[in-house]
>>> print(open('work-v5.pdb').read())   # PDB, C-alpha atoms
ATOM      1  CA  MET Y 965      -1.708  72.922  56.875  1.00  0.00           C
ATOM      2  CA  PRO Y 966       1.326  70.642  56.695  1.00  0.00           C
ATOM      3  CA  ILE Y 967       1.269  66.872  57.291  1.00  0.00           C
ATOM      4  CA  ASN Y 968      -2.399  66.151  56.683  1.00  0.00           C
ATOM      5  CA  CYS Y 969      -4.258  64.088  54.093  1.00  0.00           C
ATOM      6  CA  LEU Y 970      -5.396  66.926  51.862  1.00  0.00           C
ATOM      7  CA  ASN Y 971      -6.265  65.890  48.309  1.00  0.00           C
ATOM      8  CA  GLY Y 972      -7.079  67.705  45.119  1.00  0.00           C
ATOM      9  CA  GLN Y 973      -5.839  71.110  44.054  1.00  0.00           C
ATOM     10  CA  ILE Y 974      -5.169  74.230  46.070  1.00  0.00           C
ATOM     11  CA  PRO Y 975      -8.233  76.501  45.710  1.00  0.00           C
ATOM     12  CA  GLU Y 976      -7.417  79.464  43.472  1.00  0.00           C
ATOM     13  CA  SER Y 977      -8.890  81.822  46.075  1.00  0.00           C
ATOM     14  CA  ILE Y 978      -5.940  80.992  48.364  1.00  0.00           C
ATOM     15  CA  PHE Y 979      -3.640  82.763  45.921  1.00  0.00           C
ATOM     16  CA  ASN Y 980      -5.612  85.998  46.319  1.00  0.00           C
ATOM     17  CA  LEU Y 981      -5.195  86.430  50.084  1.00  0.00           C
ATOM     18  CA  SER Y 982      -3.206  89.630  49.739  1.00  0.00           C
ATOM     19  CA  MET Y 983      -2.143  89.855  53.402  1.00  0.00           C
ATOM     20  CA  LEU Y 984      -0.878  86.262  53.613  1.00  0.00           C
ATOM     21  CA  GLN Y 985       2.717  85.978  54.831  1.00  0.00           C
ATOM     22  CA  ILE Y 986       3.172  82.207  55.242  1.00  0.00           C
ATOM     23  CA  LEU Y 987       1.609  79.500  53.051  1.00  0.00           C
ATOM     24  CA  ALA Y 988       2.301  75.913  54.116  1.00  0.00           C
ATOM     25  CA  PHE Y 989       0.689  72.870  52.504  1.00  0.00           C
ATOM     26  CA  ASP Y 990       3.720  70.594  52.755  1.00  0.00           C
ATOM     27  CA  VAL Y 991       3.450  66.800  53.152  1.00  0.00           C
ATOM     28  CA  ASN Y 992      -0.062  66.239  51.848  1.00  0.00           C
ATOM     29  CA  ASN Y 993      -1.462  64.687  48.688  1.00  0.00           C
ATOM     30  CA  ILE Y 994      -2.108  67.881  46.753  1.00  0.00           C
ATOM     31  CA  SER Y 995      -1.961  67.733  42.954  1.00  0.00           C
ATOM     32  CA  GLY Y 996      -2.283  70.102  40.036  1.00  0.00           C
ATOM     33  CA  ASN Y 997      -0.172  72.969  38.730  1.00  0.00           C
ATOM     34  CA  LEU Y 998       0.787  76.310  40.197  1.00  0.00           C
ATOM     35  CA  PRO Y 999      -1.090  79.200  38.559  1.00  0.00           C
ATOM     36  CA  SER Y1000       0.999  81.197  36.101  1.00  0.00           C
ATOM     37  CA  SER Y1001       0.300  84.404  38.024  1.00  0.00           C
ATOM     38  CA  ILE Y1002       0.872  82.894  41.464  1.00  0.00           C
ATOM     39  CA  ALA Y1003       2.761  85.874  42.874  1.00  0.00           C
ATOM     40  CA  ASN Y1004       0.343  88.582  41.766  1.00  0.00           C
ATOM     41  CA  GLY Y1005      -2.193  88.038  44.539  1.00  0.00           C
ATOM     42  CA  LEU Y1006       0.302  87.363  47.353  1.00  0.00           C
ATOM     43  CA  PRO Y1007       2.437  90.519  47.533  1.00  0.00           C
ATOM     44  CA  ASP Y1008       3.428  90.034  51.194  1.00  0.00           C
ATOM     45  CA  LEU Y1009       4.285  86.323  51.099  1.00  0.00           C
ATOM     46  CA  GLU Y1010       7.507  85.553  52.964  1.00  0.00           C
ATOM     47  CA  GLU Y1011       7.498  81.753  53.291  1.00  0.00           C
ATOM     48  CA  LEU Y1012       6.133  79.186  50.808  1.00  0.00           C
ATOM     49  CA  TYR Y1013       6.133  75.490  51.767  1.00  0.00           C
ATOM     50  CA  LEU Y1014       4.657  73.107  49.183  1.00  0.00           C
ATOM     51  CA  GLY Y1015       7.036  70.164  49.548  1.00  0.00           C
ATOM     52  CA  GLY Y1016       5.977  66.539  49.776  1.00  0.00           C
ATOM     53  CA  ASN Y1017       2.956  66.644  47.473  1.00  0.00           C
ATOM     54  CA  ARG Y1018       2.062  65.608  43.899  1.00  0.00           C
ATOM     55  CA  LEU Y1019       2.269  69.017  42.282  1.00  0.00           C
ATOM     56  CA  SER Y1020       3.405  68.998  38.656  1.00  0.00           C
ATOM     57  CA  GLY Y1021       3.932  71.201  35.639  1.00  0.00           C
ATOM     58  CA  GLU Y1022       6.474  73.990  35.360  1.00  0.00           C
ATOM     59  CA  ILE Y1023       7.543  76.444  38.039  1.00  0.00           C
ATOM     60  CA  PRO Y1024       5.968  79.729  36.851  1.00  0.00           C
ATOM     61  CA  ALA Y1025       8.421  82.478  35.956  1.00  0.00           C
ATOM     62  CA  SER Y1026       6.190  84.879  37.875  1.00  0.00           C
ATOM     63  CA  VAL Y1027       7.542  83.491  41.171  1.00  0.00           C
ATOM     64  CA  SER Y1028      10.265  86.103  40.744  1.00  0.00           C
ATOM     65  CA  ASN Y1029       7.636  88.690  41.754  1.00  0.00           C
ATOM     66  CA  PHE Y1030       7.572  87.370  45.337  1.00  0.00           C
ATOM     67  CA  SER Y1031       9.670  90.340  46.424  1.00  0.00           C
ATOM     68  CA  LYS Y1032       9.511  89.488  50.158  1.00  0.00           C
ATOM     69  CA  LEU Y1033      10.023  85.723  49.872  1.00  0.00           C
ATOM     70  CA  THR Y1034      12.650  84.262  52.215  1.00  0.00           C
ATOM     71  CA  ILE Y1035      11.855  80.514  52.072  1.00  0.00           C
ATOM     72  CA  PHE Y1036      10.890  78.794  48.820  1.00  0.00           C
ATOM     73  CA  SER Y1037      10.305  75.052  49.187  1.00  0.00           C
ATOM     74  CA  LEU Y1038       8.899  72.900  46.370  1.00  0.00           C
ATOM     75  CA  SER Y1039      10.824  69.725  47.175  1.00  0.00           C
ATOM     76  CA  GLU Y1040       9.458  66.191  46.697  1.00  0.00           C
ATOM     77  CA  ASN Y1041       6.925  66.883  43.968  1.00  0.00           C
ATOM     78  CA  SER Y1042       6.762  66.217  40.223  1.00  0.00           C
ATOM     79  CA  PHE Y1043       7.661  69.638  38.863  1.00  0.00           C
ATOM     80  CA  SER Y1044       9.234  69.478  35.416  1.00  0.00           C
ATOM     81  CA  GLY Y1045      10.752  71.799  32.864  1.00  0.00           C
ATOM     82  CA  ARG Y1046      13.333  74.477  33.483  1.00  0.00           C
ATOM     83  CA  VAL Y1047      13.985  76.322  36.700  1.00  0.00           C
ATOM     84  CA  PRO Y1048      13.182  80.017  36.068  1.00  0.00           C
ATOM     85  CA  THR Y1049      16.335  82.028  35.390  1.00  0.00           C
ATOM     86  CA  ASN Y1050      14.986  85.141  37.090  1.00  0.00           C
ATOM     87  CA  LEU Y1051      15.172  83.864  40.670  1.00  0.00           C
ATOM     88  CA  GLY Y1052      17.802  86.511  41.326  1.00  0.00           C
ATOM     89  CA  ASN Y1053      14.908  88.957  41.689  1.00  0.00           C
ATOM     90  CA  LEU Y1054      14.128  87.302  45.037  1.00  0.00           C
ATOM     91  CA  GLN Y1055      16.617  89.479  46.874  1.00  0.00           C
ATOM     92  CA  ASN Y1056      15.387  88.460  50.341  1.00  0.00           C
ATOM     93  CA  LEU Y1057      15.636  84.733  49.608  1.00  0.00           C
ATOM     94  CA  GLN Y1058      17.365  82.664  52.297  1.00  0.00           C
ATOM     95  CA  SER Y1059      16.448  79.073  51.418  1.00  0.00           C
ATOM     96  CA  LEU Y1060      15.777  77.479  48.012  1.00  0.00           C
ATOM     97  CA  GLU Y1061      14.630  73.847  48.090  1.00  0.00           C
ATOM     98  CA  PHE Y1062      13.775  72.190  44.765  1.00  0.00           C
ATOM     99  CA  GLN Y1063      15.152  68.699  45.393  1.00  0.00           C
ATOM    100  CA  LEU Y1064      13.422  65.490  44.308  1.00  0.00           C
ATOM    101  CA  ASN Y1065      11.486  66.724  41.294  1.00  0.00           C
ATOM    102  CA  GLU Y1066      11.826  66.201  37.542  1.00  0.00           C
ATOM    103  CA  LEU Y1067      13.414  69.539  36.730  1.00  0.00           C
ATOM    104  CA  THR Y1068      15.742  69.912  33.741  1.00  0.00           C
ATOM    105  CA  ASN Y1069      18.186  72.397  32.279  1.00  0.00           C
ATOM    106  CA  ASP Y1070      17.918  74.183  28.929  1.00  0.00           C
ATOM    107  CA  PRO Y1071      19.675  71.689  26.590  1.00  0.00           C
ATOM    108  CA  SER Y1072      21.093  74.591  24.577  1.00  0.00           C
ATOM    109  CA  MET Y1073      22.881  75.887  27.699  1.00  0.00           C
ATOM    110  CA  PRO Y1074      25.798  73.793  28.964  1.00  0.00           C
ATOM    111  CA  GLU Y1075      25.731  75.486  32.380  1.00  0.00           C
ATOM    112  CA  LEU Y1076      23.019  75.349  35.028  1.00  0.00           C
ATOM    113  CA  ASP Y1077      21.975  78.855  34.109  1.00  0.00           C
ATOM    114  CA  PHE Y1078      19.505  79.415  36.939  1.00  0.00           C
ATOM    115  CA  LEU Y1079      22.391  79.250  39.419  1.00  0.00           C
ATOM    116  CA  ILE Y1080      23.968  82.274  37.737  1.00  0.00           C
ATOM    117  CA  SER Y1081      21.006  84.507  38.635  1.00  0.00           C
ATOM    118  CA  LEU Y1082      21.237  83.574  42.320  1.00  0.00           C
ATOM    119  CA  LYS Y1083      24.294  85.794  42.754  1.00  0.00           C
ATOM    120  CA  ASN Y1084      21.836  88.650  43.360  1.00  0.00           C
ATOM    121  CA  CYS Y1085      20.354  86.887  46.416  1.00  0.00           C
ATOM    122  CA  ARG Y1086      22.739  88.273  49.004  1.00  0.00           C
ATOM    123  CA  ASN Y1087      20.965  86.668  51.993  1.00  0.00           C
ATOM    124  CA  LEU Y1088      20.880  83.154  50.568  1.00  0.00           C
ATOM    125  CA  LYS Y1089      21.967  80.457  53.024  1.00  0.00           C
ATOM    126  CA  ALA Y1090      20.749  77.151  51.553  1.00  0.00           C
ATOM    127  CA  ILE Y1091      20.496  75.819  47.980  1.00  0.00           C
ATOM    128  CA  ARG Y1092      19.106  72.283  47.736  1.00  0.00           C
ATOM    129  CA  ILE Y1093      18.440  71.113  44.186  1.00  0.00           C
ATOM    130  CA  GLY Y1094      19.447  67.432  44.175  1.00  0.00           C
ATOM    131  CA  LEU Y1095      17.593  64.466  42.689  1.00  0.00           C
ATOM    132  CA  ASN Y1096      16.536  66.198  39.480  1.00  0.00           C
ATOM    133  CA  SER Y1097      17.601  65.745  35.851  1.00  0.00           C
ATOM    134  CA  PHE Y1098      19.689  68.830  35.107  1.00  0.00           C
ATOM    135  CA  HIS Y1099      22.553  67.222  33.136  1.00  0.00           C
ATOM    136  CA  GLY Y1100      24.541  70.446  32.920  1.00  0.00           C
ATOM    137  CA  ILE Y1101      27.790  71.790  34.342  1.00  0.00           C
ATOM    138  CA  LEU Y1102      28.387  73.942  37.396  1.00  0.00           C
ATOM    139  CA  PRO Y1103      29.036  77.535  36.297  1.00  0.00           C
ATOM    140  CA  LYS Y1104      32.229  79.313  37.334  1.00  0.00           C
ATOM    141  CA  SER Y1105      29.974  82.050  38.669  1.00  0.00           C
ATOM    142  CA  LEU Y1106      29.143  79.676  41.538  1.00  0.00           C
ATOM    143  CA  GLY Y1107      31.952  81.521  43.274  1.00  0.00           C
ATOM    144  CA  ASN Y1108      29.970  84.752  42.949  1.00  0.00           C
ATOM    145  CA  LEU Y1109      27.162  83.484  45.162  1.00  0.00           C
ATOM    146  CA  SER Y1110      26.775  85.258  48.449  1.00  0.00           C
ATOM    147  CA  THR Y1111      29.318  84.333  51.100  1.00  0.00           C
ATOM    148  CA  SER Y1112      26.281  83.767  53.358  1.00  0.00           C
ATOM    149  CA  VAL Y1113      25.614  80.422  51.594  1.00  0.00           C
ATOM    150  CA  GLU Y1114      26.147  77.638  54.139  1.00  0.00           C
ATOM    151  CA  SER Y1115      24.618  74.652  52.348  1.00  0.00           C
ATOM    152  CA  PHE Y1116      24.879  73.634  48.681  1.00  0.00           C
ATOM    153  CA  VAL Y1117      23.269  70.245  48.022  1.00  0.00           C
ATOM    154  CA  ALA Y1118      23.003  69.024  44.431  1.00  0.00           C
ATOM    155  CA  GLU Y1119      23.335  65.244  44.593  1.00  0.00           C
ATOM    156  CA  HIS Y1120      22.181  62.781  41.924  1.00  0.00           C
ATOM    157  CA  CYS Y1121      21.061  65.340  39.349  1.00  0.00           C
ATOM    158  CA  GLY Y1122      23.324  64.590  36.376  1.00  0.00           C
ATOM    159  CA  ILE Y1123      25.886  67.354  36.903  1.00  0.00           C
ATOM    160  CA  LYS Y1124      28.721  66.993  34.384  1.00  0.00           C
ATOM    161  CA  GLY Y1125      32.107  68.569  33.786  1.00  0.00           C
ATOM    162  CA  ILE Y1126      34.483  69.618  36.540  1.00  0.00           C
ATOM    163  CA  ILE Y1127      34.153  71.231  39.945  1.00  0.00           C
ATOM    164  CA  PRO Y1128      35.055  74.881  39.266  1.00  0.00           C
ATOM    165  CA  ASN Y1129      37.953  76.354  41.215  1.00  0.00           C
ATOM    166  CA  GLU Y1130      35.735  79.310  42.075  1.00  0.00           C
ATOM    167  CA  ILE Y1131      33.768  77.172  44.535  1.00  0.00           C
ATOM    168  CA  GLY Y1132      36.522  78.017  47.017  1.00  0.00           C
ATOM    169  CA  ASN Y1133      35.109  81.559  47.214  1.00  0.00           C
ATOM    170  CA  MET Y1134      32.045  80.302  49.101  1.00  0.00           C
ATOM    171  CA  SER Y1135      33.854  80.997  52.336  1.00  0.00           C
ATOM    172  CA  ASN Y1136      31.006  80.236  54.775  1.00  0.00           C
ATOM    173  CA  LEU Y1137      30.041  76.923  53.206  1.00  0.00           C
ATOM    174  CA  MET Y1138      29.384  74.286  55.870  1.00  0.00           C
ATOM    175  CA  GLU Y1139      27.807  71.574  53.702  1.00  0.00           C
ATOM    176  CA  LEU Y1140      28.760  70.613  50.142  1.00  0.00           C
ATOM    177  CA  HIS Y1141      27.051  67.553  48.692  1.00  0.00           C
ATOM    178  CA  ILE Y1142      27.502  66.961  44.972  1.00  0.00           C
ATOM    179  CA  GLY Y1143      27.817  63.180  45.094  1.00  0.00           C
ATOM    180  CA  GLY Y1144      26.166  60.807  42.664  1.00  0.00           C
ATOM    181  CA  ASN Y1145      26.811  62.917  39.588  1.00  0.00           C
ATOM    182  CA  GLU Y1146      28.997  62.699  36.473  1.00  0.00           C
ATOM    183  CA  LEU Y1147      31.809  64.991  37.619  1.00  0.00           C
ATOM    184  CA  ARG Y1148      35.290  64.368  36.214  1.00  0.00           C
ATOM    185  CA  GLY Y1149      38.766  65.773  36.647  1.00  0.00           C
ATOM    186  CA  THR Y1150      40.496  66.403  39.956  1.00  0.00           C
ATOM    187  CA  ILE Y1151      39.259  67.788  43.236  1.00  0.00           C
ATOM    188  CA  PRO Y1152      40.176  71.493  43.094  1.00  0.00           C
ATOM    189  CA  ASP Y1153      42.803  72.712  45.538  1.00  0.00           C
ATOM    190  CA  THR Y1154      40.533  75.653  46.376  1.00  0.00           C
ATOM    191  CA  LEU Y1155      38.264  73.399  48.452  1.00  0.00           C
ATOM    192  CA  GLY Y1156      40.990  73.705  51.056  1.00  0.00           C
ATOM    193  CA  GLN Y1157      39.914  77.343  51.508  1.00  0.00           C
ATOM    194  CA  LEU Y1158      36.523  76.311  52.910  1.00  0.00           C
ATOM    195  CA  ARG Y1159      37.544  76.540  56.567  1.00  0.00           C
ATOM    196  CA  ASN Y1160      33.960  76.238  57.860  1.00  0.00           C
ATOM    197  CA  LEU Y1161      33.159  73.079  55.911  1.00  0.00           C
ATOM    198  CA  GLN Y1162      31.684  70.300  58.070  1.00  0.00           C
ATOM    199  CA  LYS Y1163      30.099  67.979  55.479  1.00  0.00           C
ATOM    200  CA  LEU Y1164      31.740  67.164  52.157  1.00  0.00           C
ATOM    201  CA  ARG Y1165      30.326  64.516  49.820  1.00  0.00           C
ATOM    202  CA  LEU Y1166      31.833  63.926  46.420  1.00  0.00           C
ATOM    203  CA  ASP Y1167      31.176  60.188  46.295  1.00  0.00           C
ATOM    204  CA  PHE Y1168      29.907  58.314  43.231  1.00  0.00           C
ATOM    205  CA  ASN Y1169      31.507  60.590  40.654  1.00  0.00           C
ATOM    206  CA  LYS Y1170      34.501  60.054  38.372  1.00  0.00           C
ATOM    207  CA  LEU Y1171      36.886  62.340  40.188  1.00  0.00           C
ATOM    208  CA  GLY Y1172      40.599  62.108  40.838  1.00  0.00           C
ATOM    209  CA  GLU Y1173      42.440  63.860  43.649  1.00  0.00           C
ATOM    210  CA  SER Y1174      45.201  66.403  43.245  1.00  0.00           C
ATOM    211  CA  GLU Y1175      48.289  66.044  45.430  1.00  0.00           C
ATOM    212  CA  ALA Y1176      48.077  69.699  46.463  1.00  0.00           C
ATOM    213  CA  PHE Y1177      44.504  69.273  47.750  1.00  0.00           C
ATOM    214  CA  HIS Y1178      45.520  66.226  49.773  1.00  0.00           C
ATOM    215  CA  MET Y1179      48.353  68.188  51.410  1.00  0.00           C
ATOM    216  CA  LYS Y1180      46.003  71.066  52.304  1.00  0.00           C
ATOM    217  CA  LEU Y1181      43.575  68.747  54.031  1.00  0.00           C
ATOM    218  CA  GLU Y1182      46.400  67.300  56.125  1.00  0.00           C
ATOM    219  CA  THR Y1183      47.441  70.748  57.357  1.00  0.00           C
ATOM    220  CA  HIS Y1184      43.936  71.794  58.556  1.00  0.00           C
TER     221      HIS Y1184
END
>>> encode(input="work-v5.pdb", output="structure tokens")
Amino acid sequence: MPINCLNGQIPESIFNLSMLQILAFDVNNISGNLPSSIANGLPDLEELYLGGNRLSGEIPASVSNFSKLTIFSLSENSFSGRVPTNLGNLQNLQSLEFQLNELTNDPSMPELDFLISLKNCRNLKAIRIGLNSFHGILPKSLGNLSTSVESFVAEHCGIKGIIPNEIGNMSNLMELHIGGNELRGTIPDTLGQLRNLQKLRLDFNKLGESEAFHMKLETH
């Protein structure tokens, strides 16, 4: 029931509809937390849309048990805490949308560790995690993500460090938006390998530009 004026919490009985395949409550005024065992009663769920509400608390680690999930959208809420690091168990996942929340990274881990687990999601096409408070660095293993990834959007979420050279391995990337962060260093030459890239935003960082990268752009 997207785009209504629903208030209050999602009834717990909804999470026990074992044959449910699509659950959409996006763009309402729903509040509360997600139950810790959210996936246990929805074994066949394929699409989960909860964006544009007032949901809060942590994202339960049990979401990794949604073995058939293809679309996972929690954007524009007030979720906090760490993103579960077992999302790689969602092997059918195609779209991950966590932008515009209050999510953080484990302060003891310099890298955004949840991104590392996503290498097991071989059908993943879109990762949208911007407008959070991660304050970590992009892992080199970003280059191990599936070549099916077409969109990586992580703007204004406190990303530090450098852009790893391995990002050039994401050969089907069409959209890369990592503007508004705290990135330093030079733009890696390997971005010139992204022949399908249509949208590139690196603005509002502290980046320089390598001469080799500039020459590659001129030749494409």
>>> closest_atom_pairs(input="work-v5.pdb", of="segment 1116-1153 of chain Y", to="segment 1080-1089 of chain Y", cutoff="10 Å", atoms="only C-alpha atoms", output="tab-separated table")
residue	atom	partner	partner_atom	distance
Y:Phe1116	CA	Y:Lys1089	CA	8.6
Y:Asn1136	CA	Y:Lys1089	CA	9.2
Y:Leu1137	CA	Y:Lys1089	CA	8.8
>>> residues_around(input="work-v5.pdb", residues="Pro1024 of chain Y", least_positions_apart="2", cutoff="10 Å", atoms="only C-alpha atoms", output="mmCIF file with C-alpha atoms, keeping the file's coordinate frame")
data_model
loop_
_atom_site.group_PDB
_atom_site.id
_atom_site.type_symbol
_atom_site.label_atom_id
_atom_site.label_comp_id
_atom_site.auth_asym_id
_atom_site.auth_seq_id
_atom_site.Cartn_x
_atom_site.Cartn_y
_atom_site.Cartn_z
ATOM 1 C CA ASN Y 997 -0.172 72.969 38.730
ATOM 2 C CA LEU Y 998 0.787 76.310 40.197
ATOM 3 C CA PRO Y 999 -1.090 79.200 38.559
ATOM 4 C CA SER Y 1000 0.999 81.197 36.101
ATOM 5 C CA SER Y 1001 0.300 84.404 38.024
ATOM 6 C CA ILE Y 1002 0.872 82.894 41.464
ATOM 7 C CA ALA Y 1003 2.761 85.874 42.874
ATOM 8 C CA GLY Y 1021 3.932 71.201 35.639
ATOM 9 C CA GLU Y 1022 6.474 73.990 35.360
ATOM 10 C CA SER Y 1026 6.190 84.879 37.875
ATOM 11 C CA VAL Y 1027 7.542 83.491 41.171
ATOM 12 C CA SER Y 1028 10.265 86.103 40.744
ATOM 13 C CA ARG Y 1046 13.333 74.477 33.483
ATOM 14 C CA VAL Y 1047 13.985 76.322 36.700
ATOM 15 C CA PRO Y 1048 13.182 80.017 36.068
#
>>> atom_distance(input="work-v5.pdb", atom1="atom CA of Lys1104 of chain Y", atom2="atom CA of Pro1074 of chain Y")
11.9 Å
>>> residues_around(input="work-v5.pdb", residues="Ser995 of chain Y", least_positions_apart="4", cutoff="8 Å", atoms="all atoms listed in the file", output="ChimeraX atom specification")
/Y:971-974,1017-1020
>>> resolve_selection(input="work-v5.pdb", expression="the PyMOL selection byres ((chain Y and resi 982) around 12)", output="MDAnalysis selection string")
chainID Y and resid 977:981 983:987 1002:1010 1030
>>> residues_around(input="work-v5.pdb", residues="Cys969 of chain Y", least_positions_apart="4", cutoff="9 Å", atoms="all atoms listed in the file", output="mmCIF file with C-alpha atoms, keeping the file's coordinate frame")
data_model
loop_
_atom_site.group_PDB
_atom_site.id
_atom_site.type_symbol
_atom_site.label_atom_id
_atom_site.label_comp_id
_atom_site.auth_asym_id
_atom_site.auth_seq_id
_atom_site.Cartn_x
_atom_site.Cartn_y
_atom_site.Cartn_z
ATOM 1 C CA VAL Y 991 3.450 66.800 53.152
ATOM 2 C CA ASN Y 992 -0.062 66.239 51.848
ATOM 3 C CA ASN Y 993 -1.462 64.687 48.688
ATOM 4 C CA ILE Y 994 -2.108 67.881 46.753
#
>>> axis_aligned_box(input="work-v5.pdb", around="segment 1004-1020 of chain Y", padding_each_side="3 Å", output="JSON")
{"center_x": 2.7, "center_y": 78.1, "center_z": 46.0, "size_x": 15.7, "size_y": 30.9, "size_z": 20.6}
>>> residues_near_point(input="work-v5.pdb", point="(17.9, 72.1, 47.6)", cutoff="12 Å", atoms="all atoms listed in the file", output="PyMOL selection string")
chain Y and resi 1015+1035-1040+1058-1065+1079+1088-1096+1114-1121+1139-1142
>>> write_last_selection(input="work-v5.pdb", atoms="C-alpha atoms", output="JSON list (two decimals), in the coordinates of the input")
[["chain", "number", "residue", "atom", "x", "y", "z"],
["Y", 1015, "GLY", "CA", 7.04, 70.16, 49.55],
["Y", 1035, "ILE", "CA", 11.86, 80.51, 52.07],
["Y", 1036, "PHE", "CA", 10.89, 78.79, 48.82],
["Y", 1037, "SER", "CA", 10.30, 75.05, 49.19],
["Y", 1038, "LEU", "CA", 8.90, 72.90, 46.37],
["Y", 1039, "SER", "CA", 10.82, 69.72, 47.18],
["Y", 1040, "GLU", "CA", 9.46, 66.19, 46.70],
["Y", 1058, "GLN", "CA", 17.36, 82.66, 52.30],
["Y", 1059, "SER", "CA", 16.45, 79.07, 51.42],
["Y", 1060, "LEU", "CA", 15.78, 77.48, 48.01],
["Y", 1061, "GLU", "CA", 14.63, 73.85, 48.09],
["Y", 1062, "PHE", "CA", 13.78, 72.19, 44.76],
["Y", 1063, "GLN", "CA", 15.15, 68.70, 45.39],
["Y", 1064, "LEU", "CA", 13.42, 65.49, 44.31],
["Y", 1065, "ASN", "CA", 11.49, 66.72, 41.29],
["Y", 1079, "LEU", "CA", 22.39, 79.25, 39.42],
["Y", 1088, "LEU", "CA", 20.88, 83.15, 50.57],
["Y", 1089, "LYS", "CA", 21.97, 80.46, 53.02],
["Y", 1090, "ALA", "CA", 20.75, 77.15, 51.55],
["Y", 1091, "ILE", "CA", 20.50, 75.82, 47.98],
["Y", 1092, "ARG", "CA", 19.11, 72.28, 47.74],
["Y", 1093, "ILE", "CA", 18.44, 71.11, 44.19],
["Y", 1094, "GLY", "CA", 19.45, 67.43, 44.18],
["Y", 1095, "LEU", "CA", 17.59, 64.47, 42.69],
["Y", 1096, "ASN", "CA", 16.54, 66.20, 39.48],
["Y", 1114, "GLU", "CA", 26.15, 77.64, 54.14],
["Y", 1115, "SER", "CA", 24.62, 74.65, 52.35],
["Y", 1116, "PHE", "CA", 24.88, 73.63, 48.68],
["Y", 1117, "VAL", "CA", 23.27, 70.24, 48.02],
["Y", 1118, "ALA", "CA", 23.00, 69.02, 44.43],
["Y", 1119, "GLU", "CA", 23.34, 65.24, 44.59],
["Y", 1120, "HIS", "CA", 22.18, 62.78, 41.92],
["Y", 1121, "CYS", "CA", 21.06, 65.34, 39.35],
["Y", 1139, "GLU", "CA", 27.81, 71.57, 53.70],
["Y", 1140, "LEU", "CA", 28.76, 70.61, 50.14],
["Y", 1141, "HIS", "CA", 27.05, 67.55, 48.69],
["Y", 1142, "ILE", "CA", 27.50, 66.96, 44.97]]
>>> resolve_selection(input="work-v5.pdb", expression="the PyMOL selection byres ((chain Y and resi 1150) around 8)", output="NGL selection string")
:Y and (1126-1127 or 1148-1149 or 1151-1152 or 1171-1174)
>>> closest_residue(input="work-v5.pdb", among="Y:Met1138, Y:Leu1161, Y:Phe1168, Y:Ser1110", to="Ile1123 of chain Y", atoms="all atoms listed in the file")
Y:Phe1168
>>> atom_distance(input="work-v5.pdb", atom1="atom CA of Asn1145 of chain Y", atom2="atom CA of Asp1070 of chain Y")
17.9 Å
>>> residues_around(input="work-v5.pdb", residues="Leu1057 of chain Y", least_positions_apart="3", cutoff="6 Å", atoms="only C-alpha atoms", output="number ranges by chain")
Y: 1033-1034, 1054, 1088
>>> atom_distance(input="work-v5.pdb", atom1="atom CA of Glu1146 of chain Y", atom2="atom CA of Thr1111 of chain Y")
26.1 Å
>>> closest_residue(input="work-v5.pdb", among="Y:Thr1068, Y:Ser1105, Y:Ser1031, Y:Ser1097", to="Ile1131 of chain Y", atoms="only C-alpha atoms")
Y:Ser1105
